[in-house]
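Beneath this line is the structure, given in structure tokens, with notes to follow.
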Amino acid sequence: MSALGHGALYGAVLIAVMLSTVAVGIWFERKFAGRMQSRLGPTIVGPMGLLQPLADVVKLLQKEDIIPAGADRALFNLAPVLATIFSLGVAAVLPLSPHMIAADLDIGVVYMLAVGGLMVVPTFMAGWASNNKFALLGGMRAVAQSISYGVPLVLAVLVPVILSGSLSLAGIVRWQSEHHWFALWPVIPGLPAFALYFMAMLAEANRIPFDIPEAESELVAGVTTEYTGAKFTLFYLAEYVHTLVGSAIGAALFFGGWDGPFAPGLHWMVAKTLALFVVVYWVRWTLLRLRSDQLMELCWKWLTPIGVALVLIAAAWVQFAPQGAL
Amino acid sequence: MGHINDTLRALWTTLRTAFRPTSTVQFPAVVRPRGERYRVSFALPDDENGEMACIGCLTCERICPSQVIKVKPGVKRESPVTGKKRAYTDDFVIDLSACIQCELCVQVCNNDAIVMVREAEQPMFEREDLVLGFARLRKNATDRTRSWGHGTMLQESQEPAKVEKKAPAVKAAPAVAAEPRQPAPRSPSRAAEPPEDGARARAREGARARRGGTDVSATLAFGVVAACALLSAVFVVRAVDLIRAVLWLGITLIATAALYAMLGASFLAGVQLLLYVGGVMTLMVFGVMITRRHEGIAPTATDTVRPVRGAVVAASLFGLVAAAIVNTDGLDDAPARALAPLTLADLGRSILVEHVLAFEALSLLLLAAIIGAVVIARRRDPGPLDEPTEASR
Ligand code: SF4
Ligand code: SF4
């Protein structure tokens with residue numbers, strides 16, 4: 001019971017922390033996006049606009065809850081809930097510090113990939129249930145996209161798994177803190193694998209340049225076209241949480257997670273996660289959306305072969321590298 | 001390479017911009033200085049003798065591209081100030097609502113009799129209020145600040161012979177100065193933190209306790225999950241809407257994964273989720289979406305042979321699996337096995353060493369399936385080698 005209790009406690013704390021991080025993240029994104037476009041961003045609500053996300057949430061929750069005629073009501077209502085559950089569910093295996101892991105699964109990496117991969121189900125469900133052609137197109141694109149990014153994502157994650165010989169996220173971080181960060185050494189499978197992971201993560205979280213299912217310039221709002229009020233908020237939240245968790249996992253897999261000098265492990269983990277989070281927004285507000293076929297081409301013709309090569313290199317490294325180099 | 005280069009350059013540009021002063025300011029709090037040539041409204045000023053300068057020559061009326069000026073020339077008479085005869089104007093109207101602020105009227109006036117002023121009119125509620133009458137224009141000459149230019153000066157500055165150095169426009173000073181922040185340098189040295197196995201061990205202990213623990217709760221959990229799997233499987237078959245069937249199938253697959261996890265085969269559970277729910281189910285949805293109309297497909301109710309055929313196949317498959325399970329030795333101590341699950345290394349060794357032949361055969365089968373699928377898919381669209389037939393023309 002004590003382990004279960006600990007897990008539940010950490011889980012609750014983790015969710016609370018993540019939701020507040022998301023709130024600050026939204027503020028930060030708007031501010032950062034503003035500066036990147038030479039604007040000020042939010043300034044009015046609260047000091048430096050800090051309360052803007054709060055105002056956003058209050059505004060969203062006040063909106064009328066609309067279910068379109070002809071919608072598949074059960075699926076329509078279930079989709080945002082599932083999206084939130086899945087995106088928060090991945091966080092269970094996040095190693096925040098040597099002591100703070102909600103659930104240190106032996107197969108944390110597989111769990112992370114599996115639950116993260118489930119995200120496509122609510123997205124598709126929403127698109128299907130909305131009884132709206134834009135939403136349906138968005139859902140279809142989400143499915144097509146998930147097939148494309150899945151393979152490079154798994155291949156990229158395999159590299160640190162092979163190098164550290166562990167499927168547990170905490171195990172991988174521990175290995176890195178004892179040896180070296182995978183993004184730094186061995187550079188060749190490490191750094192490109194991180195790039196691969198990063199791109200696939202963006203695609204999984206439907207972030208620009210891979211926000212093809214949403215594509216507001218083509219599909220109104222894609223799968224979320226028909227969603228309003230609280231349900232839309234949930235989708236919005238799920239997307240942010242997904243990105244945040246994806247950044248945290250990237251930090252754990254390739255940048256040594258909690259490992260770092262002078263400060264407690266938790267601080268390092270949070271700092272690295274937020275740094276990656278910022279990069280996501282940096283990319284988001286810089287690049288343009290890829291077309292569906294361009295994404296497929298990128299994933300299948302470039303990322304997948306590169307991923308296979310990286311996995312082979314990683315295996316060769318583990319097998320043949322001199323002991324000192326490891 | 002071009003794409004990567006472009007991407008990096010775009011990222012660099014946005015990053016640089018993010019640390020530069022913004023182009024915008026928060027208006028009521030910060031008021032940006034207006035440019036030297038800022039100009040909004042008009043005025044009819046006096047000449048050096050203190051009389052209204054305008055002689056009603058109509059030049060400005062003619063040059064105005066928007067045709068918003070209306071001048072009514074007056075009669076020539078002796079000036080009360082200088083005693084010389086000069087022309088006057090009786091009325092002067094400018095319709096600001098269509099003025100494009102081109103300043104041409106100011107430029108062409110040889111008498112510097114029309115100028116622009118820096119202050120805008122007050123917000124108005126009627127469009128007619130934007131029509132500046134004679135009195136208003138005269139009043140503006142004394143009440144408002146004149147803008148930079150007047151006719152003779154502008155004409156002079158544009159004469160080709162006397163090209164002099166033009167005073168550069170004063171740039172608006174940036175109101176907000178941002179200090180570029182330097183990211184803190186990260187030291188690569190690391191203080192080795194002792195590997196903490198406490199939480200891990202505790203979690204494992206708990207997991208073990210849960211697995212082998214109270215039989216009742218385990219059985220209950222198994223019952224619930226198994227019921228979920230079975231029920232949703234029934235719904236898969238019963239569902240009329242194909243997409244719903246696929247989603248029910250998803251629940252069956254997730255429940256199966258949960259069963260694996262309860263048996264201690266967590267890796268298998270994860271892979272089940274990853275491959276079946278994340279992959280196969282998605283592919284099925286994809287297949288449904290690109291091949292059928294989205295209303296879903298109703299099963300043909302009239303067909304009586306197919307259900308029977310299906311039932312026979314399902315029953316034989318069930319018998320086969322049941323026989324295999326019954327004939328497997330050592331299933332009685334299954335709980336004991338669950339306590340000591342296979343490690344991944346064991347799993348890998350068993351696949352790649354003991355059963356390597358079966359594994360390779362399976363890969364070959366899958367490869368054949370993929371190639372077959374590609375061939376079938378390819379035949380549909382005519383390649384460049386296909387001769388266009390008479391019919392297709
Ligand atoms: S303002 Fe100048 S150009 Fe216009 S009518 Fe008067 S004198 Fe002529
Ligand atoms: S500024 Fe241009 S548009 Fe306006 S009144 Fe003068 S000539 Fe006409």
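Residue numbering restarts at 1 in every chain; chains get A, B, ... in the order shown in the structure tokens, and ligands count up from 1 in that same order.
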Residues of chain B at most 9 Å from ligand 1: nearest atom pair and distance in Å, only C-alpha atoms and all ligand atoms, as CSV:
residue,atom,partner,partner_atom_place_in_ligand_line,distance
B:Leu44,CA,ligand 1,1 (S),7.1
B:Ala53,CA,ligand 1,7 (S),6.7
B:Cys54,CA,ligand 1,6 (Fe),3.7
B:Ile55,CA,ligand 1,7 (S),4.5
B:Gly56,CA,ligand 1,5 (S),3.8
B:Cys57,CA,ligand 1,8 (Fe),3.9
B:Leu58,CA,ligand 1,5 (S),4.1
B:Thr59,CA,ligand 1,3 (S),4.4
B:Cys60,CA,ligand 1,3 (S),4.2
B:Glu61,CA,ligand 1,4 (Fe),6.3
B:Arg62,CA,ligand 1,3 (S),8.8
B:Ile63,CA,ligand 1,3 (S),8.9
B:Ile69,CA,ligand 1,4 (Fe),8.5
B:Lys70,CA,ligand 1,5 (S),8.7
B:Val71,CA,ligand 1,5 (S),6.1
B:Lys72,CA,ligand 1,5 (S),8.2
B:Pro73,CA,ligand 1,5 (S),7.6
B:Tyr88,CA,ligand 1,6 (Fe),8.5
B:Thr89,CA,ligand 1,6 (Fe),7.3
B:Phe92,CA,ligand 1,5 (S),8.1
B:Cys105,CA,ligand 1,3 (S),6.6
B:Val106,CA,ligand 1,2 (Fe),7.3
B:Gln107,CA,ligand 1,3 (S),8.6
B:Val108,CA,ligand 1,3 (S),6.1
B:Cys109,CA,ligand 1,3 (S),3.9
B:Asn110,CA,ligand 1,2 (Fe),6.3
B:Asn111,CA,ligand 1,7 (S),5.6
B:Asp112,CA,ligand 1,2 (Fe),6.3
B:Ala113,CA,ligand 1,2 (Fe),4.6
B:Ile114,CA,ligand 1,1 (S),4.6
B:Val115,CA,ligand 1,1 (S),8.3
B:Gly151,CA,ligand 1,2 (Fe),8.3
Exercise. Would you list the residues that come within 8 Å of ligand 2? Count only C-alpha atoms and all ligand atoms and give the answer as a PyMOL selection string.
Key: chain B and resi 60-61+63-69+94-96+98-106
Residues of the last selection are to be written out with C-alpha atoms, as a tab-separated table (two decimals), in the first residue's frame.
chain	number	residue	atom	x	y	z
B	60	CYS	CA	-4.79	72.93	-54.98
B	61	GLU	CA	-8.34	72.08	-55.98
B	63	ILE	CA	-4.18	68.83	-58.04
B	64	CYS	CA	-6.10	67.03	-55.33
B	65	PRO	CA	-6.27	63.36	-56.42
B	66	SER	CA	-9.30	62.77	-54.25
B	67	GLN	CA	-11.01	65.93	-55.39
B	68	VAL	CA	-11.95	66.86	-51.89
B	69	ILE	CA	-11.00	70.54	-52.02
B	94	ILE	CA	-11.80	70.25	-47.50
B	95	ASP	CA	-13.53	66.93	-46.99
B	96	LEU	CA	-11.18	65.09	-44.66
B	98	ALA	CA	-11.62	61.16	-48.38
B	99	CYS	CA	-8.33	63.01	-48.10
B	100	ILE	CA	-5.36	60.68	-48.51
B	101	GLN	CA	-2.94	63.02	-46.79
B	102	CYS	CA	-0.79	63.18	-49.90
B	103	GLU	CA	0.20	66.73	-49.17
B	104	LEU	CA	0.03	67.59	-52.86
B	105	CYS	CA	-2.20	70.55	-52.17
B	106	VAL	CA	0.41	71.94	-49.82
Practice problem: Give as a VMD selection string every residue of chain A that touches chain B within 8 Å, counting only C-alpha atoms. | Solution: chain A and resid 1 to 4 32 to 40 43 98 to 101 103 to 104 107 110 to 111 113 to 115 117 to 118 120 to 121 140 143 to 144 146 to 147 174 177 to 178 259 to 262 282 to 283 285 to 287
Please, could you write that set of residues out with N, CA and C atoms as a tab-separated table (two decimals), in the first residue's frame?
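Output file part21.tsv follows:
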chain	number	residue	atom	x	y	z
A	1	MET	N	0.83	-1.21	0.00
A	1	MET	CA	0.00	0.00	0.00
A	1	MET	C	0.86	1.25	0.00
A	2	SER	N	2.02	1.13	0.69
A	2	SER	CA	2.81	2.36	0.79
A	2	SER	C	3.33	2.78	-0.58
A	3	ALA	N	3.72	1.79	-1.37
A	3	ALA	CA	4.21	2.13	-2.71
A	3	ALA	C	3.07	2.74	-3.53
A	4	LEU	N	1.92	2.12	-3.39
A	4	LEU	CA	0.76	2.62	-4.13
A	4	LEU	C	0.43	4.03	-3.67
A	32	PHE	N	6.67	35.06	-25.48
A	32	PHE	CA	7.81	34.71	-26.33
A	32	PHE	C	7.43	34.88	-27.80
A	33	ALA	N	6.24	34.39	-28.14
A	33	ALA	CA	5.78	34.52	-29.52
A	33	ALA	C	5.70	35.99	-29.89
A	34	GLY	N	5.20	36.79	-28.94
A	34	GLY	CA	5.11	38.22	-29.20
A	34	GLY	C	6.48	38.80	-29.49
A	35	ARG	N	7.44	38.47	-28.65
A	35	ARG	CA	8.77	39.03	-28.84
A	35	ARG	C	9.37	38.57	-30.15
A	36	MET	N	9.11	37.30	-30.52
A	36	MET	CA	9.67	36.81	-31.78
A	36	MET	C	9.05	37.54	-32.95
A	37	GLN	N	7.83	38.02	-32.78
A	37	GLN	CA	7.19	38.78	-33.85
A	37	GLN	C	7.28	40.26	-33.58
A	38	SER	N	8.20	40.64	-32.68
A	38	SER	CA	8.44	42.04	-32.39
A	38	SER	C	7.21	42.72	-31.80
A	39	ARG	N	6.43	41.97	-31.07
A	39	ARG	CA	5.28	42.51	-30.35
A	39	ARG	C	5.55	42.41	-28.86
A	40	LEU	N	4.59	42.90	-28.08
A	40	LEU	CA	4.76	42.84	-26.63
A	40	LEU	C	4.15	41.60	-26.00
A	43	THR	N	-0.04	42.12	-21.82
A	43	THR	CA	0.52	43.05	-20.85
A	43	THR	C	-0.51	43.54	-19.85
A	98	PRO	N	16.11	11.68	-8.55
A	98	PRO	CA	16.33	10.28	-8.15
A	98	PRO	C	15.24	9.77	-7.23
A	99	HIS	N	14.57	10.68	-6.49
A	99	HIS	CA	13.57	10.21	-5.54
A	99	HIS	C	12.15	10.42	-6.04
A	100	MET	N	11.99	11.23	-7.04
A	100	MET	CA	10.63	11.58	-7.44
A	100	MET	C	10.25	10.95	-8.76
A	101	ILE	N	9.67	9.78	-8.67
A	101	ILE	CA	9.15	9.12	-9.85
A	101	ILE	C	7.82	8.53	-9.42
A	103	ALA	N	5.90	6.36	-10.93
A	103	ALA	CA	5.92	4.92	-11.13
A	103	ALA	C	7.16	4.58	-11.93
A	104	ASP	N	8.14	3.98	-11.26
A	104	ASP	CA	9.37	3.64	-11.97
A	104	ASP	C	9.22	2.27	-12.60
A	107	ILE	N	9.73	-0.98	-17.73
A	107	ILE	CA	9.56	-0.79	-19.16
A	107	ILE	C	9.02	0.61	-19.42
A	110	VAL	N	8.75	1.79	-22.98
A	110	VAL	CA	7.67	1.17	-23.77
A	110	VAL	C	6.32	1.77	-23.36
A	111	TYR	N	6.15	1.92	-22.04
A	111	TYR	CA	4.91	2.51	-21.54
A	111	TYR	C	4.71	3.91	-22.12
A	113	LEU	N	5.97	5.20	-24.83
A	113	LEU	CA	5.64	5.16	-26.26
A	113	LEU	C	4.21	4.71	-26.48
A	114	ALA	N	3.80	3.69	-25.68
A	114	ALA	CA	2.47	3.12	-25.89
A	114	ALA	C	1.39	4.13	-25.55
A	115	VAL	N	1.50	4.74	-24.35
A	115	VAL	CA	0.45	5.67	-23.94
A	115	VAL	C	0.48	6.93	-24.81
A	117	GLY	N	1.39	7.01	-27.85
A	117	GLY	CA	0.84	6.63	-29.13
A	117	GLY	C	-0.68	6.56	-29.11
A	118	LEU	N	-1.23	6.33	-27.91
A	118	LEU	CA	-2.69	6.26	-27.80
A	118	LEU	C	-3.33	7.61	-28.08
A	120	VAL	N	-3.49	9.40	-30.44
A	120	VAL	CA	-4.15	9.55	-31.73
A	120	VAL	C	-5.61	9.10	-31.65
A	121	VAL	N	-5.91	8.20	-30.71
A	121	VAL	CA	-7.27	7.67	-30.64
A	121	VAL	C	-8.29	8.76	-30.31
A	140	MET	N	-8.64	12.26	-39.93
A	140	MET	CA	-7.99	11.38	-40.89
A	140	MET	C	-6.52	11.73	-41.02
A	143	VAL	N	-4.58	10.39	-38.12
A	143	VAL	CA	-4.27	8.97	-38.23
A	143	VAL	C	-3.11	8.76	-39.20
A	144	ALA	N	-3.18	9.43	-40.35
A	144	ALA	CA	-2.12	9.27	-41.33
A	144	ALA	C	-0.79	9.72	-40.74
A	146	SER	N	0.03	9.78	-37.55
A	146	SER	CA	0.54	8.93	-36.48
A	146	SER	C	1.27	7.72	-37.05
A	147	ILE	N	0.81	7.25	-38.22
A	147	ILE	CA	1.51	6.13	-38.84
A	147	ILE	C	2.90	6.56	-39.27
A	174	ARG	N	19.97	7.36	-14.85
A	174	ARG	CA	21.01	6.96	-13.91
A	174	ARG	C	22.29	6.62	-14.66
A	177	SER	N	23.94	9.73	-15.71
A	177	SER	CA	24.58	10.50	-14.65
A	177	SER	C	25.86	9.80	-14.21
A	178	GLU	N	25.95	8.50	-14.43
A	178	GLU	CA	27.19	7.81	-14.10
A	178	GLU	C	28.21	7.94	-15.22
A	259	ASP	N	20.51	14.92	-13.89
A	259	ASP	CA	21.94	15.00	-13.68
A	259	ASP	C	22.46	16.41	-13.92
A	260	GLY	N	23.26	16.92	-13.01
A	260	GLY	CA	23.85	18.24	-13.18
A	260	GLY	C	24.51	18.68	-11.90
A	261	PRO	N	25.48	19.56	-11.99
A	261	PRO	CA	26.22	19.97	-10.80
A	261	PRO	C	25.48	21.02	-9.98
A	262	PHE	N	25.91	21.21	-8.77
A	262	PHE	CA	25.56	22.32	-7.87
A	262	PHE	C	24.11	22.31	-7.39
A	282	TRP	N	9.79	28.01	-29.83
A	282	TRP	CA	10.66	28.72	-30.78
A	282	TRP	C	10.40	28.17	-32.19
A	283	VAL	N	10.41	26.84	-32.28
A	283	VAL	CA	10.15	26.22	-33.58
A	283	VAL	C	8.74	26.56	-34.06
A	285	TRP	N	6.83	29.08	-33.54
A	285	TRP	CA	6.55	30.42	-34.03
A	285	TRP	C	7.49	30.82	-35.14
A	286	THR	N	8.29	29.88	-35.60
A	286	THR	CA	9.21	30.20	-36.69
A	286	THR	C	8.80	29.52	-37.98
A	287	LEU	N	8.51	28.24	-37.88
A	287	LEU	CA	8.37	27.46	-39.11
A	287	LEU	C	6.93	27.45	-39.61
Quiz item: segment 302-319 of chain A: which residues within 12 Å, counting only C-alpha atoms, same-chain residues fewer than 4 positions away excluded, as number ranges by chain?
Solution: A: 147-165, 182, 185-200, 294-298, 323-326
Quiz item: Could you pull the residues within 12 Å of Leu61 of chain A, counting only C-alpha atoms, minus those fewer than 2 positions along the same chain, as a PyMOL selection string?
Solution: chain A and resi 54-59+63-65+227-234
Residues just named, written with N, CA, C and O atoms as a PDB file, in the first residue's frame:
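result14.pdb, written as the output of this step:
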ATOM      1  N   LEU A  54      -5.121  32.587 -16.869  1.00  0.00           N
ATOM      2  CA  LEU A  54      -6.284  32.468 -15.988  1.00  0.00           C
ATOM      3  C   LEU A  54      -7.509  33.075 -16.664  1.00  0.00           C
ATOM      4  O   LEU A  54      -8.592  32.492 -16.693  1.00  0.00           O
ATOM      5  N   ALA A  55      -7.301  34.264 -17.212  1.00  0.00           N
ATOM      6  CA  ALA A  55      -8.405  34.926 -17.903  1.00  0.00           C
ATOM      7  C   ALA A  55      -8.878  34.077 -19.079  1.00  0.00           C
ATOM      8  O   ALA A  55     -10.079  33.938 -19.323  1.00  0.00           O
ATOM      9  N   ASP A  56      -7.907  33.470 -19.782  1.00  0.00           N
ATOM     10  CA  ASP A  56      -8.266  32.606 -20.909  1.00  0.00           C
ATOM     11  C   ASP A  56      -9.157  31.466 -20.446  1.00  0.00           C
ATOM     12  O   ASP A  56     -10.196  31.176 -21.058  1.00  0.00           O
ATOM     13  N   VAL A  57      -8.720  30.813 -19.367  1.00  0.00           N
ATOM     14  CA  VAL A  57      -9.467  29.650 -18.882  1.00  0.00           C
ATOM     15  C   VAL A  57     -10.868  30.076 -18.451  1.00  0.00           C
ATOM     16  O   VAL A  57     -11.858  29.437 -18.795  1.00  0.00           O
ATOM     17  N   VAL A  58     -10.944  31.171 -17.708  1.00  0.00           N
ATOM     18  CA  VAL A  58     -12.257  31.643 -17.255  1.00  0.00           C
ATOM     19  C   VAL A  58     -13.147  31.930 -18.462  1.00  0.00           C
ATOM     20  O   VAL A  58     -14.309  31.531 -18.520  1.00  0.00           O
ATOM     21  N   LYS A  59     -12.550  32.564 -19.451  1.00  0.00           N
ATOM     22  CA  LYS A  59     -13.328  32.868 -20.652  1.00  0.00           C
ATOM     23  C   LYS A  59     -13.809  31.579 -21.321  1.00  0.00           C
ATOM     24  O   LYS A  59     -14.985  31.448 -21.662  1.00  0.00           O
ATOM     25  N   LYS A  63     -17.984  29.585 -21.851  1.00  0.00           N
ATOM     26  CA  LYS A  63     -18.629  29.459 -23.155  1.00  0.00           C
ATOM     27  C   LYS A  63     -19.678  28.361 -23.146  1.00  0.00           C
ATOM     28  O   LYS A  63     -19.587  27.402 -22.385  1.00  0.00           O
ATOM     29  N   GLU A  64     -20.609  28.520 -24.039  1.00  0.00           N
ATOM     30  CA  GLU A  64     -21.676  27.538 -24.147  1.00  0.00           C
ATOM     31  C   GLU A  64     -21.103  26.210 -24.634  1.00  0.00           C
ATOM     32  O   GLU A  64     -20.227  26.178 -25.487  1.00  0.00           O
ATOM     33  N   ASP A  65     -21.610  25.147 -24.042  1.00  0.00           N
ATOM     34  CA  ASP A  65     -21.170  23.817 -24.455  1.00  0.00           C
ATOM     35  C   ASP A  65     -22.066  23.347 -25.597  1.00  0.00           C
ATOM     36  O   ASP A  65     -23.243  23.090 -25.407  1.00  0.00           O
ATOM     37  N   TYR A 227     -15.627  21.846 -31.040  1.00  0.00           N
ATOM     38  CA  TYR A 227     -15.539  21.828 -29.585  1.00  0.00           C
ATOM     39  C   TYR A 227     -15.562  23.235 -29.026  1.00  0.00           C
ATOM     40  O   TYR A 227     -14.979  24.154 -29.585  1.00  0.00           O
ATOM     41  N   THR A 228     -16.275  23.373 -27.907  1.00  0.00           N
ATOM     42  CA  THR A 228     -16.368  24.680 -27.267  1.00  0.00           C
ATOM     43  C   THR A 228     -16.119  24.499 -25.782  1.00  0.00           C
ATOM     44  O   THR A 228     -16.069  23.381 -25.269  1.00  0.00           O
ATOM     45  N   GLY A 229     -15.987  25.602 -25.110  1.00  0.00           N
ATOM     46  CA  GLY A 229     -16.006  25.631 -23.657  1.00  0.00           C
ATOM     47  C   GLY A 229     -15.048  24.659 -23.009  1.00  0.00           C
ATOM     48  O   GLY A 229     -13.886  24.542 -23.386  1.00  0.00           O
ATOM     49  N   ALA A 230     -15.572  23.938 -22.015  1.00  0.00           N
ATOM     50  CA  ALA A 230     -14.725  23.095 -21.180  1.00  0.00           C
ATOM     51  C   ALA A 230     -14.050  21.999 -21.989  1.00  0.00           C
ATOM     52  O   ALA A 230     -12.895  21.663 -21.760  1.00  0.00           O
ATOM     53  N   LYS A 231     -14.774  21.444 -22.972  1.00  0.00           N
ATOM     54  CA  LYS A 231     -14.180  20.339 -23.729  1.00  0.00           C
ATOM     55  C   LYS A 231     -13.030  20.830 -24.587  1.00  0.00           C
ATOM     56  O   LYS A 231     -11.994  20.172 -24.703  1.00  0.00           O
ATOM     57  N   PHE A 232     -13.207  22.000 -25.166  1.00  0.00           N
ATOM     58  CA  PHE A 232     -12.106  22.558 -25.935  1.00  0.00           C
ATOM     59  C   PHE A 232     -10.924  22.834 -25.017  1.00  0.00           C
ATOM     60  O   PHE A 232      -9.774  22.566 -25.373  1.00  0.00           O
ATOM     61  N   THR A 233     -11.232  23.325 -23.809  1.00  0.00           N
ATOM     62  CA  THR A 233     -10.162  23.595 -22.858  1.00  0.00           C
ATOM     63  C   THR A 233      -9.375  22.328 -22.575  1.00  0.00           C
ATOM     64  O   THR A 233      -8.143  22.355 -22.494  1.00  0.00           O
ATOM     65  N   LEU A 234     -10.096  21.224 -22.423  1.00  0.00           N
ATOM     66  CA  LEU A 234      -9.414  19.959 -22.141  1.00  0.00           C
ATOM     67  C   LEU A 234      -8.469  19.592 -23.284  1.00  0.00           C
ATOM     68  O   LEU A 234      -7.337  19.169 -23.065  1.00  0.00           O
TER      69      LEU A 234
END
Quiz item: Between A:Tyr240, A:Phe255, A:Phe28, A:Phe134, which one has atoms that come closest to Leu88 of chain A, using only C-alpha atoms?
Solution: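 Checking each of A:Tyr240, A:Phe255, A:Phe28, A:Phe134 against Leu88 of chain A, counting only C-alpha atoms, the winner is A:Tyr240.
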Within 9 Å of segment 215-219 of chain A using only C-alpha atoms, minus same-chain residues under 5 positions, as a compact mmCIF listing (two decimals) with all heavy atoms, in the first residue's frame:
# COMPACT_ATOMS: atom_id res chain seq x y z
N LYS A 133 -17.15 18.06 -41.62
CA LYS A 133 -16.17 17.55 -42.59
C LYS A 133 -14.76 18.01 -42.26
O LYS A 133 -13.81 17.28 -42.47
CB LYS A 133 -16.55 17.98 -44.00
CG LYS A 133 -16.65 19.46 -44.19
CD LYS A 133 -17.19 19.76 -45.56
CE LYS A 133 -17.68 21.20 -45.60
NZ LYS A 133 -18.63 21.45 -46.64
N PHE A 134 -14.63 19.20 -41.70
CA PHE A 134 -13.28 19.67 -41.36
C PHE A 134 -12.69 18.82 -40.25
O PHE A 134 -11.53 18.45 -40.27
CB PHE A 134 -13.32 21.13 -40.95
CG PHE A 134 -13.75 22.04 -42.06
CD1 PHE A 134 -14.91 22.77 -41.97
CD2 PHE A 134 -12.98 22.13 -43.21
CE1 PHE A 134 -15.30 23.59 -42.99
CE2 PHE A 134 -13.36 22.96 -44.24
CZ PHE A 134 -14.53 23.69 -44.13
N ALA A 135 -13.55 18.53 -39.26
CA ALA A 135 -13.08 17.71 -38.15
C ALA A 135 -12.70 16.32 -38.65
O ALA A 135 -11.68 15.76 -38.26
CB ALA A 135 -14.17 17.61 -37.09
N LEU A 137 -11.73 15.44 -41.65
CA LEU A 137 -10.47 15.53 -42.39
C LEU A 137 -9.30 15.62 -41.43
O LEU A 137 -8.27 14.98 -41.61
CB LEU A 137 -10.48 16.76 -43.29
CG LEU A 137 -11.12 16.57 -44.66
CD1 LEU A 137 -11.18 17.88 -45.40
CD2 LEU A 137 -10.30 15.57 -45.46
N GLY A 138 -9.50 16.41 -40.37
CA GLY A 138 -8.44 16.54 -39.38
C GLY A 138 -8.15 15.20 -38.73
O GLY A 138 -6.99 14.82 -38.57
N PHE A 210 4.18 20.40 -37.58
CA PHE A 210 3.41 19.19 -37.88
C PHE A 210 1.99 19.28 -37.34
O PHE A 210 1.41 18.28 -36.97
CB PHE A 210 4.10 17.97 -37.29
CG PHE A 210 5.54 17.84 -37.69
CD1 PHE A 210 6.55 17.93 -36.76
CD2 PHE A 210 5.87 17.63 -39.02
CE1 PHE A 210 7.87 17.82 -37.14
CE2 PHE A 210 7.18 17.52 -39.40
CZ PHE A 210 8.19 17.61 -38.47
N THR A 225 -12.74 21.62 -34.31
CA THR A 225 -13.64 22.62 -34.88
C THR A 225 -14.94 22.77 -34.10
O THR A 225 -15.39 23.87 -33.82
CB THR A 225 -13.98 22.22 -36.33
OG1 THR A 225 -12.77 22.11 -37.05
CG2 THR A 225 -14.87 23.25 -36.98
N ARG A 289 3.74 25.24 -41.58
CA ARG A 289 3.21 23.89 -41.52
C ARG A 289 3.60 23.11 -42.75
O ARG A 289 3.55 23.61 -43.88
CB ARG A 289 1.70 23.94 -41.39
CG ARG A 289 1.07 22.59 -41.28
CD ARG A 289 -0.43 22.70 -41.25
NE ARG A 289 -0.84 23.80 -40.39
CZ ARG A 289 -1.47 24.87 -40.83
NH1 ARG A 289 -1.78 24.97 -42.09
NH2 ARG A 289 -1.79 25.82 -40.00
Self-check item: Selected residue, from A:Tyr236, A:Gly89, A:Ala271, A:Val24, that lies nearest to Ala12 of chain A when counting only C-alpha atoms
Solution: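 Nearest to Ala12 of chain A: A:Gly89.
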Quiz item: Could you name the residues that touch Ala71 of chain A at 8 Å or less, counting only C-alpha atoms, but leaving out those on the same chain fewer than 5 positions away, as a ChimeraX atom specification?
Solution: /A:76,129-131
Practice problem: May I have the residues within 9 Å of Phe277 of chain A as an NGL selection string, using only C-alpha atoms and disregarding those fewer than 4 positions away in the same chain? | Solution: :A and (25 or 243-244 or 246-248 or 272-273 or 281-282)
Quiz prompt | Picked from segment 25-251 of chain A by DSSP as alpha helix (DSSP H), as an MDAnalysis selection string | solution = chainID A and resid 25:36 52:62 73:90 108:118 120:129 133:164 169:178 187:204 216:219 229:251
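One distance worth recording is that between atom CA of Thr256 of chain B and atom CA of Ala227 of chain B, which is 10.6 Å.
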